[in-house]
Amino acid sequence: MIIRTCSYQETVALGQYLGTLLQAGDVLLLDGDLGVGKTTLTRGIAQGLGINRSIKSPTFTLIREYQNGRVPLYHMDMYRLENAADSALGLEEYLGSDGVTVMEWAQFVADQLPEEYLLVQIARDNDQDEERFITFKPRGEHYQSLLNNFIAMYQKHSR
Amino acid sequence: MSDVLILAFESSCDETSVAVVKNGREVLSNIIATQIKSHQRFGGVVPEVASRHHVEQIIHCTKLALKEAQVDYQDLAAVAVTYGPGLVGSLLIGLMAAKAISWAHDLPLIGVNHLAGHIYAANLVAEIKYPALALVVSGGHTELVYVKAAGEFEILGDTRDDAVGEAYDKVGRMLGISYPAGKTIDQWAHEGKDTYNFPRAMLHENNLNFSFSGIKSAVINTLHHAEQVGISINKKDVATSFQNDILDILLAKTQKALHKYPVQQLIVAGGVAANSGLRERLQQELANQVELIFPPLRLCGDNAAMIGAYAYIKYQKNQFASLTLNADPSLDFEYCNNNESLL
């Protein structure tokens, strides 16, 4: 499933739809280059979860927690762990817990990830600065049905 | 009154640091694990993100801090520790060490907000006069904080997305500079020309907030386009254009804050306070209207001396914590009411 967004606003809106469908314990991995819009999509997801705070980059703190939505949001960024192999981060305390985990640069902690998750790949268009191609790849039945619901919702709204 | 010696711990992020500070003003020792010369002895792991590494460092650092300060536990008046914001696993190591010493040696415990520590690093080089304004700029923070009185903070504005230090590191990566990139960009910025005129986000909005994510994207797009059409880029010109952009925004928002909240002093705190371009611009444009305090470089980054400096304020106010003090990863100051930062 690939969706094309044409602006920052469209990417946020897409995240918002997804956010409304997420439940405690869900894990989303966001994949893509620097500046491609991973935190932008998370901003939308947070809105979908009913969080009314600004979503700031978690690059430096690794994790930012948002507790004032429908369920907690744990926004993680493993960017700084590129050269820090086998860091015991205690991720298991967050993954699959009482909140939704959205993780950027998850490839740097590949050995600490759960078996099932929704992988979201974001890529830029070579000619259009603002356009993005967003690919959804579910791992496991739960995430397949989440994606099905999301697609149905998205198609209904974009009709 | 006798001297108040505080043993302070900082482990909120990468650095493990232990310090002894006298009367909140004088650093008797300030051991920072990543700066210990013989760091090979401790494994020399960089970056020290894992709490495991803090565990390995903290005992050594504590011993060294006491030894260098030439004090023993019975000379201390209190134990202070950063309890947020930061990474929970990392924060807990400092907390556990501080609590253990507090309990074992019957010393009062003081919990310190990391951000308050950065601001009070100023008290180690000058005396803070209230009300003061603080510009906190680092890898994780970009905040304008109004310090109304001792220990009274209000956030006037902060970043909506990336922190300023993060923007430096990410643009640095795009330019092929290794982490941390701030110093090299600062150098190049003095050697290149401002030819790109990147967008100055939120410059004219009527608030004191920042946004640096757009500048990052603009630099990425510029490099991307150049690569596609095969033209070579002068990296120093990109660095100059980027730094000018960042400094214009920091200066404009700080000016705006000073205008709205007249103060005697402007404290510049956090790792990006080491940026020479920022220091030059602030000197040129603000030195005539406000006293500028830049903590020395070794007190700009994360360190425990600054935690001890602020702990003294809480000590004087008898604001002690119990042994149930917990880490608060999202600890923040209050936001000023007329700012939109809560939304």
# chains A, B, ... in the order shown; residues from 1 in each chain; ligands from 1

call {"tool": "residues_around", "arguments": {"residues": "stretch 59-69 of chain B", "least_positions_apart": "3", "cutoff": "6 Å", "atoms": "only C-alpha atoms", "output": "ChimeraX atom specification"}}
result
/B:18-19,28-29,31

call {"tool": "write_last_selection", "arguments": {"atoms": "N, CA and C atoms", "output": "PDB file, in the first residue's frame"}}
result
ATOM      1  N   VAL B  18      29.740  14.121  38.275  1.00  0.00           N
ATOM      2  CA  VAL B  18      29.579  14.318  39.711  1.00  0.00           C
ATOM      3  C   VAL B  18      30.434  15.522  40.103  1.00  0.00           C
ATOM      4  N   ALA B  19      29.880  16.399  40.937  1.00  0.00           N
ATOM      5  CA  ALA B  19      30.599  17.619  41.302  1.00  0.00           C
ATOM      6  C   ALA B  19      30.400  17.940  42.774  1.00  0.00           C
ATOM      7  N   LEU B  28      34.265  23.112  43.361  1.00  0.00           N
ATOM      8  CA  LEU B  28      35.429  22.486  43.990  1.00  0.00           C
ATOM      9  C   LEU B  28      35.905  21.305  43.154  1.00  0.00           C
ATOM     10  N   SER B  29      34.964  20.656  42.487  1.00  0.00           N
ATOM     11  CA  SER B  29      35.314  19.612  41.527  1.00  0.00           C
ATOM     12  C   SER B  29      34.138  19.427  40.590  1.00  0.00           C
ATOM     13  N   ILE B  31      33.617  16.445  37.812  1.00  0.00           N
ATOM     14  CA  ILE B  31      34.108  15.320  37.024  1.00  0.00           C
ATOM     15  C   ILE B  31      33.075  14.940  35.969  1.00  0.00           C
TER      16      ILE B  31
END

call {"tool": "residues_around", "arguments": {"residues": "stretch 92-96 of chain A", "least_positions_apart": "4", "cutoff": "8 Å", "atoms": "only C-alpha atoms", "output": "count of residues only"}}
result
9

call {"tool": "atom_distance", "arguments": {"atom1": "atom CA of B:Ala163", "atom2": "atom CA of B:Gly140"}}
result
5.4 Å

call {"tool": "closest_residue", "arguments": {"among": "A:Ile55, A:Met1, A:Met76, A:Leu29", "to": "chain B", "atoms": "only C-alpha atoms"}}
result
A:Ile55

call {"tool": "closest_atom_pairs", "arguments": {"of": "chain A", "to": "chain B", "cutoff": "10 Å", "atoms": "only C-alpha atoms", "output": "JSON lines"}}
result
{"residue": "A:Leu34", "atom": "CA", "partner": "B:Lys170", "partner_atom": "CA", "distance": 7.6}
{"residue": "A:Gly35", "atom": "CA", "partner": "B:Ser217", "partner_atom": "CA", "distance": 5.4}
{"residue": "A:Val36", "atom": "CA", "partner": "B:Ser217", "partner_atom": "CA", "distance": 7.9}
{"residue": "A:Gly37", "atom": "CA", "partner": "B:Ser217", "partner_atom": "CA", "distance": 9.3}
{"residue": "A:Thr39", "atom": "CA", "partner": "B:Asp161", "partner_atom": "CA", "distance": 8.3}
{"residue": "A:Thr40", "atom": "CA", "partner": "B:Asp161", "partner_atom": "CA", "distance": 9.0}
{"residue": "A:Arg43", "atom": "CA", "partner": "B:Asp161", "partner_atom": "CA", "distance": 9.6}
{"residue": "A:Ile51", "atom": "CA", "partner": "B:Leu343", "partner_atom": "CA", "distance": 9.2}
{"residue": "A:Asn52", "atom": "CA", "partner": "B:Leu343", "partner_atom": "CA", "distance": 5.6}
{"residue": "A:Arg53", "atom": "CA", "partner": "B:Leu343", "partner_atom": "CA", "distance": 5.0}
{"residue": "A:Ser54", "atom": "CA", "partner": "B:Arg160", "partner_atom": "CA", "distance": 6.1}
{"residue": "A:Ile55", "atom": "CA", "partner": "B:Asp161", "partner_atom": "CA", "distance": 6.5}
{"residue": "A:Lys56", "atom": "CA", "partner": "B:Asp161", "partner_atom": "CA", "distance": 4.2}
{"residue": "A:Ser57", "atom": "CA", "partner": "B:Asp162", "partner_atom": "CA", "distance": 5.1}
{"residue": "A:Pro58", "atom": "CA", "partner": "B:Gly140", "partner_atom": "CA", "distance": 8.0}
{"residue": "A:Thr59", "atom": "CA", "partner": "B:Glu166", "partner_atom": "CA", "distance": 7.4}
{"residue": "A:Phe60", "atom": "CA", "partner": "B:Gly140", "partner_atom": "CA", "distance": 5.1}
{"residue": "A:Thr61", "atom": "CA", "partner": "B:Gly86", "partner_atom": "CA", "distance": 6.0}
{"residue": "A:Leu62", "atom": "CA", "partner": "B:Leu87", "partner_atom": "CA", "distance": 7.2}
{"residue": "A:Ile63", "atom": "CA", "partner": "B:Leu87", "partner_atom": "CA", "distance": 6.9}
{"residue": "A:Arg64", "atom": "CA", "partner": "B:Ser330", "partner_atom": "CA", "distance": 7.1}
{"residue": "A:Glu65", "atom": "CA", "partner": "B:Ser330", "partner_atom": "CA", "distance": 6.8}
{"residue": "A:Tyr66", "atom": "CA", "partner": "B:Ser330", "partner_atom": "CA", "distance": 8.4}
{"residue": "A:Gln67", "atom": "CA", "partner": "B:Ser330", "partner_atom": "CA", "distance": 9.8}
{"residue": "A:Arg80", "atom": "CA", "partner": "B:Pro47", "partner_atom": "CA", "distance": 7.9}
{"residue": "A:Leu81", "atom": "CA", "partner": "B:Pro47", "partner_atom": "CA", "distance": 7.6}
{"residue": "A:Glu82", "atom": "CA", "partner": "B:Pro47", "partner_atom": "CA", "distance": 9.6}
{"residue": "A:Asn83", "atom": "CA", "partner": "B:Pro47", "partner_atom": "CA", "distance": 7.9}
{"residue": "A:Ala84", "atom": "CA", "partner": "B:Pro47", "partner_atom": "CA", "distance": 6.5}
{"residue": "A:Asp86", "atom": "CA", "partner": "B:Ala50", "partner_atom": "CA", "distance": 9.0}
{"residue": "A:Ser87", "atom": "CA", "partner": "B:Ala50", "partner_atom": "CA", "distance": 5.4}
{"residue": "A:Ala88", "atom": "CA", "partner": "B:Ala50", "partner_atom": "CA", "distance": 5.7}
{"residue": "A:Leu89", "atom": "CA", "partner": "B:Ala50", "partner_atom": "CA", "distance": 5.8}
{"residue": "A:Gly90", "atom": "CA", "partner": "B:Gly89", "partner_atom": "CA", "distance": 7.3}
{"residue": "A:Leu91", "atom": "CA", "partner": "B:Gly89", "partner_atom": "CA", "distance": 10.0}
{"residue": "A:Asn126", "atom": "CA", "partner": "B:Gln228", "partner_atom": "CA", "distance": 8.5}
{"residue": "A:Asp127", "atom": "CA", "partner": "B:His225", "partner_atom": "CA", "distance": 8.7}
{"residue": "A:Gln128", "atom": "CA", "partner": "B:Asn221", "partner_atom": "CA", "distance": 9.9}
{"residue": "A:Asp129", "atom": "CA", "partner": "B:Asn221", "partner_atom": "CA", "distance": 6.8}
{"residue": "A:Glu130", "atom": "CA", "partner": "B:Asn221", "partner_atom": "CA", "distance": 9.8}

call {"tool": "residues_around", "arguments": {"residues": "B:Thr16", "least_positions_apart": "3", "cutoff": "8 Å", "atoms": "only C-alpha atoms", "output": "list in words"}}
result
Phe9, Glu10, Ser11, Cys13, Ile32, Ala33, Thr34, His54, Gln57, Ile58, Cys61 and Asn303 of chain B

call {"tool": "select_by_dssp", "arguments": {"residues": "chain A", "states": "strand (DSSP E)", "output": "NGL selection string"}}
result
:A and (2-5 or 27-31 or 63-66 or 73-77 or 100-104 or 117-124 or 132-139)

call {"tool": "atom_distance", "arguments": {"atom1": "atom CA of B:Thr240", "atom2": "atom CA of B:Ala273"}}
result
17.5 Å

call {"tool": "closest_residue", "arguments": {"among": "A:Met103, A:Gly44, A:Leu30, A:Thr135", "to": "A:Ile151", "atoms": "only C-alpha atoms"}}
result
A:Thr135

call {"tool": "residues_around", "arguments": {"residues": "B:Ser241", "least_positions_apart": "2", "cutoff": "6 Å", "atoms": "only C-alpha atoms", "output": "CSV table (one decimal) with N, CA, C and O atoms, in the first residue's frame"}}
result
chain,number,residue,atom,x,y,z
B,194,ASP,N,27.3,34.0,2.7
B,194,ASP,CA,25.9,33.7,2.8
B,194,ASP,C,25.2,33.9,1.4
B,194,ASP,O,24.8,35.0,1.0
B,196,TYR,N,22.9,31.5,0.1
B,196,TYR,CA,21.7,30.6,-0.1
B,196,TYR,C,20.4,31.3,0.4
B,196,TYR,O,19.3,30.9,0.0
B,238,VAL,N,27.3,27.0,2.3
B,238,VAL,CA,26.1,26.4,3.0
B,238,VAL,C,26.1,26.7,4.5
B,238,VAL,O,25.2,27.1,5.1
B,239,ALA,N,27.3,26.4,5.1
B,239,ALA,CA,27.5,26.6,6.5
B,239,ALA,C,27.2,28.0,6.9
B,239,ALA,O,26.5,28.3,7.9
B,243,GLN,N,24.2,29.1,9.3
B,243,GLN,CA,24.4,29.7,10.6
B,243,GLN,C,23.8,31.1,10.7
B,243,GLN,O,23.3,31.5,11.7
B,244,ASN,N,23.9,31.9,9.6
B,244,ASN,CA,23.3,33.2,9.6
B,244,ASN,C,21.8,33.1,9.8
B,244,ASN,O,21.3,33.9,10.6

call {"tool": "residues_around", "arguments": {"residues": "stretch 258-264 of chain B", "least_positions_apart": "6", "cutoff": "10 Å", "atoms": "only C-alpha atoms", "output": "MDAnalysis selection string"}}
result
chainID B and resid 128:133 146:148 156 252 286 289:292

call {"tool": "atom_distance", "arguments": {"atom1": "atom CA of B:Ile313", "atom2": "atom CA of B:Asn30"}}
result
18.6 Å

call {"tool": "residues_around", "arguments": {"residues": "B:Leu325", "least_positions_apart": "4", "cutoff": "8 Å", "atoms": "only C-alpha atoms", "output": "MDAnalysis selection string"}}
result
chainID B and resid 83 95 111 321

call {"tool": "write_last_selection", "arguments": {"atoms": "N, CA and C atoms", "output": "JSON list (two decimals), in the first residue's frame"}}
result
[["chain", "number", "residue", "atom", "x", "y", "z"],
["B", 83, "TYR", "N", 16.62, 15.09, 38.20],
["B", 83, "TYR", "CA", 15.57, 14.06, 38.14],
["B", 83, "TYR", "C", 14.73, 14.18, 36.87],
["B", 95, "LEU", "N", 19.90, 9.16, 40.22],
["B", 95, "LEU", "CA", 18.96, 9.21, 41.35],
["B", 95, "LEU", "C", 19.30, 8.15, 42.40],
["B", 111, "GLY", "N", 16.21, 17.47, 44.52],
["B", 111, "GLY", "CA", 15.96, 17.13, 43.12],
["B", 111, "GLY", "C", 16.07, 18.37, 42.26],
["B", 321, "ALA", "N", 13.79, 16.88, 48.85],
["B", 321, "ALA", "CA", 12.98, 15.78, 48.32],
["B", 321, "ALA", "C", 13.06, 14.62, 49.30]]

call {"tool": "residues_around", "arguments": {"residues": "B:Cys300", "least_positions_apart": "3", "cutoff": "10 Å", "atoms": "only C-alpha atoms", "output": "list of chain:residue names"}}
result
B:His118, B:Ile119, B:Ala121, B:Ala122, B:Val136, B:Val137, B:Ser138, B:Val268, B:Ala269, B:Gly270, B:Gly271, B:Val272, B:Ala273, B:Ala274, B:Phe294, B:Pro295, B:Pro296, B:Leu297, B:Asn303, B:Met306

call {"tool": "select_by_dssp", "arguments": {"residues": "stretch 110-243 of chain B", "states": "alpha helix (DSSP H)", "output": "NGL selection string"}}
result
:B and (114-120 or 164-174 or 182-189 or 213-229 or 235-243)

call {"tool": "write_last_selection", "arguments": {"atoms": "C-alpha atoms", "output": "PDB file, in the first residue's frame"}}
result
ATOM      1  CA  HIS B 114      18.213  19.810  34.336  1.00  0.00           C
ATOM      2  CA  LEU B 115      17.173  23.026  32.599  1.00  0.00           C
ATOM      3  CA  ALA B 116      17.397  25.018  35.838  1.00  0.00           C
ATOM      4  CA  GLY B 117      20.906  23.621  36.164  1.00  0.00           C
ATOM      5  CA  HIS B 118      21.905  24.909  32.719  1.00  0.00           C
ATOM      6  CA  ILE B 119      20.649  28.373  33.621  1.00  0.00           C
ATOM      7  CA  TYR B 120      22.331  28.414  37.033  1.00  0.00           C
ATOM      8  CA  VAL B 164      18.909  24.257  17.487  1.00  0.00           C
ATOM      9  CA  GLY B 165      21.811  21.916  18.320  1.00  0.00           C
ATOM     10  CA  GLU B 166      20.010  19.100  16.577  1.00  0.00           C
ATOM     11  CA  ALA B 167      19.647  21.221  13.439  1.00  0.00           C
ATOM     12  CA  TYR B 168      23.421  21.779  13.533  1.00  0.00           C
ATOM     13  CA  ASP B 169      24.138  18.075  13.865  1.00  0.00           C
ATOM     14  CA  LYS B 170      21.759  17.021  11.115  1.00  0.00           C
ATOM     15  CA  VAL B 171      22.877  19.683   8.651  1.00  0.00           C
ATOM     16  CA  GLY B 172      26.439  18.730   9.605  1.00  0.00           C
ATOM     17  CA  ARG B 173      25.716  15.156   8.647  1.00  0.00           C
ATOM     18  CA  MET B 174      24.373  16.242   5.269  1.00  0.00           C
ATOM     19  CA  GLY B 182      28.541  22.381  15.731  1.00  0.00           C
ATOM     20  CA  LYS B 183      32.163  23.369  15.996  1.00  0.00           C
ATOM     21  CA  THR B 184      33.028  22.679  12.347  1.00  0.00           C
ATOM     22  CA  ILE B 185      29.934  24.453  11.018  1.00  0.00           C
ATOM     23  CA  ASP B 186      30.798  27.423  13.225  1.00  0.00           C
ATOM     24  CA  GLN B 187      34.325  27.454  11.738  1.00  0.00           C
ATOM     25  CA  TRP B 188      33.153  27.089   8.145  1.00  0.00           C
ATOM     26  CA  ALA B 189      30.522  29.756   8.735  1.00  0.00           C
ATOM     27  CA  SER B 213      12.919  21.831  10.964  1.00  0.00           C
ATOM     28  CA  GLY B 214      12.195  23.915   7.848  1.00  0.00           C
ATOM     29  CA  ILE B 215      15.781  25.162   7.633  1.00  0.00           C
ATOM     30  CA  LYS B 216      16.995  21.598   7.846  1.00  0.00           C
ATOM     31  CA  SER B 217      14.684  20.636   4.943  1.00  0.00           C
ATOM     32  CA  ALA B 218      15.807  23.662   2.920  1.00  0.00           C
ATOM     33  CA  VAL B 219      19.459  22.656   3.274  1.00  0.00           C
ATOM     34  CA  ILE B 220      18.635  19.070   2.368  1.00  0.00           C
ATOM     35  CA  ASN B 221      16.678  20.180  -0.721  1.00  0.00           C
ATOM     36  CA  THR B 222      19.515  22.469  -1.807  1.00  0.00           C
ATOM     37  CA  LEU B 223      22.094  19.700  -1.562  1.00  0.00           C
ATOM     38  CA  HIS B 224      19.725  17.236  -3.214  1.00  0.00           C
ATOM     39  CA  HIS B 225      19.059  19.492  -6.216  1.00  0.00           C
ATOM     40  CA  ALA B 226      22.731  20.248  -6.655  1.00  0.00           C
ATOM     41  CA  GLU B 227      23.516  16.559  -6.680  1.00  0.00           C
ATOM     42  CA  GLN B 228      20.772  15.848  -9.219  1.00  0.00           C
ATOM     43  CA  VAL B 229      21.896  18.414 -11.751  1.00  0.00           C
ATOM     44  CA  LYS B 235      29.965  23.609   1.733  1.00  0.00           C
ATOM     45  CA  LYS B 236      31.374  26.601   3.524  1.00  0.00           C
ATOM     46  CA  ASP B 237      28.808  28.831   1.842  1.00  0.00           C
ATOM     47  CA  VAL B 238      26.067  26.443   2.958  1.00  0.00           C
ATOM     48  CA  ALA B 239      27.469  26.567   6.509  1.00  0.00           C
ATOM     49  CA  THR B 240      27.582  30.366   6.479  1.00  0.00           C
ATOM     50  CA  SER B 241      24.062  30.647   5.089  1.00  0.00           C
ATOM     51  CA  PHE B 242      22.753  28.112   7.602  1.00  0.00           C
ATOM     52  CA  GLN B 243      24.436  29.704  10.605  1.00  0.00           C
TER      53      GLN B 243
END

call {"tool": "decode", "arguments": {"residues": "stretch 7-114 of chain A", "atoms": "C-alpha atoms", "output": "PDB file, in the first residue's frame"}}
result
ATOM      1  CA  SER A   7       2.346  18.720   1.221  1.00  0.00           C
ATOM      2  CA  TYR A   8       3.272  18.915   4.876  1.00  0.00           C
ATOM      3  CA  GLN A   9      -0.438  19.330   5.683  1.00  0.00           C
ATOM      4  CA  GLU A  10      -1.392  16.202   3.759  1.00  0.00           C
ATOM      5  CA  THR A  11       1.235  14.169   5.589  1.00  0.00           C
ATOM      6  CA  VAL A  12      -0.061  15.422   8.944  1.00  0.00           C
ATOM      7  CA  ALA A  13      -3.644  14.595   7.910  1.00  0.00           C
ATOM      8  CA  LEU A  14      -2.611  11.080   6.923  1.00  0.00           C
ATOM      9  CA  GLY A  15      -0.991  10.591  10.326  1.00  0.00           C
ATOM     10  CA  GLN A  16      -4.152  11.865  11.949  1.00  0.00           C
ATOM     11  CA  TYR A  17      -6.305   9.164  10.321  1.00  0.00           C
ATOM     12  CA  LEU A  18      -3.834   6.538  11.400  1.00  0.00           C
ATOM     13  CA  GLY A  19      -3.693   7.941  14.935  1.00  0.00           C
ATOM     14  CA  THR A  20      -7.438   7.607  15.435  1.00  0.00           C
ATOM     15  CA  LEU A  21      -7.151   3.850  14.805  1.00  0.00           C
ATOM     16  CA  LEU A  22      -4.213   3.091  17.080  1.00  0.00           C
ATOM     17  CA  GLN A  23      -4.527   1.253  20.385  1.00  0.00           C
ATOM     18  CA  ALA A  24      -2.364   0.735  23.434  1.00  0.00           C
ATOM     19  CA  GLY A  25       0.466  -1.628  22.607  1.00  0.00           C
ATOM     20  CA  ASP A  26       0.691  -0.731  18.907  1.00  0.00           C
ATOM     21  CA  VAL A  27       4.188  -0.295  17.493  1.00  0.00           C
ATOM     22  CA  LEU A  28       4.935   1.751  14.365  1.00  0.00           C
ATOM     23  CA  LEU A  29       8.379   1.958  12.805  1.00  0.00           C
ATOM     24  CA  LEU A  30       9.011   4.990  10.607  1.00  0.00           C
ATOM     25  CA  ASP A  31      11.703   4.603   7.991  1.00  0.00           C
ATOM     26  CA  GLY A  32      13.158   7.299   5.744  1.00  0.00           C
ATOM     27  CA  ASP A  33      15.976   9.789   5.199  1.00  0.00           C
ATOM     28  CA  LEU A  34      16.717  12.876   7.263  1.00  0.00           C
ATOM     29  CA  GLY A  35      14.096  15.571   6.802  1.00  0.00           C
ATOM     30  CA  VAL A  36      11.716  13.324   4.875  1.00  0.00           C
ATOM     31  CA  GLY A  37       8.849  13.857   7.330  1.00  0.00           C
ATOM     32  CA  LYS A  38       8.934  11.145   9.995  1.00  0.00           C
ATOM     33  CA  THR A  39       8.311  13.584  12.821  1.00  0.00           C
ATOM     34  CA  THR A  40       5.715  15.344  10.651  1.00  0.00           C
ATOM     35  CA  LEU A  41       3.760  12.102  10.285  1.00  0.00           C
ATOM     36  CA  THR A  42       4.093  11.559  14.044  1.00  0.00           C
ATOM     37  CA  ARG A  43       2.638  15.021  14.603  1.00  0.00           C
ATOM     38  CA  GLY A  44      -0.481  13.834  12.772  1.00  0.00           C
ATOM     39  CA  ILE A  45      -0.587  10.547  14.675  1.00  0.00           C
ATOM     40  CA  ALA A  46      -0.441  12.496  17.938  1.00  0.00           C
ATOM     41  CA  GLN A  47      -3.363  14.639  16.822  1.00  0.00           C
ATOM     42  CA  GLY A  48      -5.268  11.475  15.960  1.00  0.00           C
ATOM     43  CA  LEU A  49      -4.619  10.232  19.479  1.00  0.00           C
ATOM     44  CA  GLY A  50      -6.051  13.464  20.875  1.00  0.00           C
ATOM     45  CA  ILE A  51      -2.732  14.870  22.075  1.00  0.00           C
ATOM     46  CA  ASN A  52      -2.760  18.654  22.046  1.00  0.00           C
ATOM     47  CA  ARG A  53       0.887  19.413  22.652  1.00  0.00           C
ATOM     48  CA  SER A  54       3.506  20.290  20.086  1.00  0.00           C
ATOM     49  CA  ILE A  55       5.470  17.228  19.001  1.00  0.00           C
ATOM     50  CA  LYS A  56       9.147  18.010  19.215  1.00  0.00           C
ATOM     51  CA  SER A  57      11.933  15.973  17.740  1.00  0.00           C
ATOM     52  CA  PRO A  58      13.046  13.198  20.111  1.00  0.00           C
ATOM     53  CA  THR A  59      16.475  12.908  18.452  1.00  0.00           C
ATOM     54  CA  PHE A  60      18.412  14.165  21.437  1.00  0.00           C
ATOM     55  CA  THR A  61      16.341  12.712  24.258  1.00  0.00           C
ATOM     56  CA  LEU A  62      15.750   9.429  22.358  1.00  0.00           C
ATOM     57  CA  ILE A  63      12.237   9.237  23.805  1.00  0.00           C
ATOM     58  CA  ARG A  64       9.510  11.790  24.348  1.00  0.00           C
ATOM     59  CA  GLU A  65       6.368  10.785  26.186  1.00  0.00           C
ATOM     60  CA  TYR A  66       2.947  12.378  25.681  1.00  0.00           C
ATOM     61  CA  GLN A  67       0.446  11.424  28.320  1.00  0.00           C
ATOM     62  CA  ASN A  68      -2.512  13.686  27.670  1.00  0.00           C
ATOM     63  CA  GLY A  69      -4.183  11.843  24.783  1.00  0.00           C
ATOM     64  CA  ARG A  70      -6.568   8.912  24.445  1.00  0.00           C
ATOM     65  CA  VAL A  71      -3.618   6.582  25.113  1.00  0.00           C
ATOM     66  CA  PRO A  72      -0.008   7.562  25.865  1.00  0.00           C
ATOM     67  CA  LEU A  73       2.314   8.166  22.914  1.00  0.00           C
ATOM     68  CA  TYR A  74       5.956   7.163  23.133  1.00  0.00           C
ATOM     69  CA  HIS A  75       7.827   8.889  20.341  1.00  0.00           C
ATOM     70  CA  MET A  76      11.314   7.452  19.944  1.00  0.00           C
ATOM     71  CA  ASP A  77      14.257   8.248  17.749  1.00  0.00           C
ATOM     72  CA  MET A  78      17.225   5.888  17.597  1.00  0.00           C
ATOM     73  CA  TYR A  79      19.193   8.176  15.244  1.00  0.00           C
ATOM     74  CA  ARG A  80      21.978   8.783  17.736  1.00  0.00           C
ATOM     75  CA  LEU A  81      22.478   5.083  18.344  1.00  0.00           C
ATOM     76  CA  GLU A  82      23.944   4.361  14.916  1.00  0.00           C
ATOM     77  CA  ASN A  83      27.357   3.552  16.339  1.00  0.00           C
ATOM     78  CA  ALA A  84      26.293   2.351  19.742  1.00  0.00           C
ATOM     79  CA  ALA A  85      25.784  -1.344  19.239  1.00  0.00           C
ATOM     80  CA  ASP A  86      24.012  -3.443  21.895  1.00  0.00           C
ATOM     81  CA  SER A  87      22.860  -0.501  24.012  1.00  0.00           C
ATOM     82  CA  ALA A  88      20.524  -1.833  26.655  1.00  0.00           C
ATOM     83  CA  LEU A  89      17.851   0.830  26.447  1.00  0.00           C
ATOM     84  CA  GLY A  90      15.007  -0.828  28.300  1.00  0.00           C
ATOM     85  CA  LEU A  91      12.806  -0.501  25.207  1.00  0.00           C
ATOM     86  CA  GLU A  92      10.782  -3.510  26.346  1.00  0.00           C
ATOM     87  CA  GLU A  93       9.258  -1.287  29.006  1.00  0.00           C
ATOM     88  CA  TYR A  94       7.659   0.789  26.265  1.00  0.00           C
ATOM     89  CA  LEU A  95       7.044  -1.634  23.404  1.00  0.00           C
ATOM     90  CA  GLY A  96       3.660  -3.263  23.650  1.00  0.00           C
ATOM     91  CA  SER A  97       2.900  -1.458  26.913  1.00  0.00           C
ATOM     92  CA  ASP A  98       0.057   0.877  27.831  1.00  0.00           C
ATOM     93  CA  GLY A  99       0.811   3.250  24.986  1.00  0.00           C
ATOM     94  CA  VAL A 100       1.467   3.616  21.287  1.00  0.00           C
ATOM     95  CA  THR A 101       5.128   3.509  20.272  1.00  0.00           C
ATOM     96  CA  VAL A 102       6.269   5.392  17.180  1.00  0.00           C
ATOM     97  CA  MET A 103       9.940   4.767  16.474  1.00  0.00           C
ATOM     98  CA  GLU A 104      12.246   6.509  14.010  1.00  0.00           C
ATOM     99  CA  TRP A 105      15.559   4.985  12.865  1.00  0.00           C
ATOM    100  CA  ALA A 106      14.556   1.609  14.299  1.00  0.00           C
ATOM    101  CA  GLN A 107      17.197  -0.131  12.172  1.00  0.00           C
ATOM    102  CA  PHE A 108      19.813   0.886  14.740  1.00  0.00           C
ATOM    103  CA  VAL A 109      18.152  -1.261  17.407  1.00  0.00           C
ATOM    104  CA  ALA A 110      17.040  -4.073  15.111  1.00  0.00           C
ATOM    105  CA  ASP A 111      17.811  -6.723  17.739  1.00  0.00           C
ATOM    106  CA  GLN A 112      15.466  -5.119  20.265  1.00  0.00           C
ATOM    107  CA  LEU A 113      12.339  -4.868  18.118  1.00  0.00           C
ATOM    108  CA  PRO A 114       9.159  -6.914  18.557  1.00  0.00           C
TER     109      PRO A 114
END
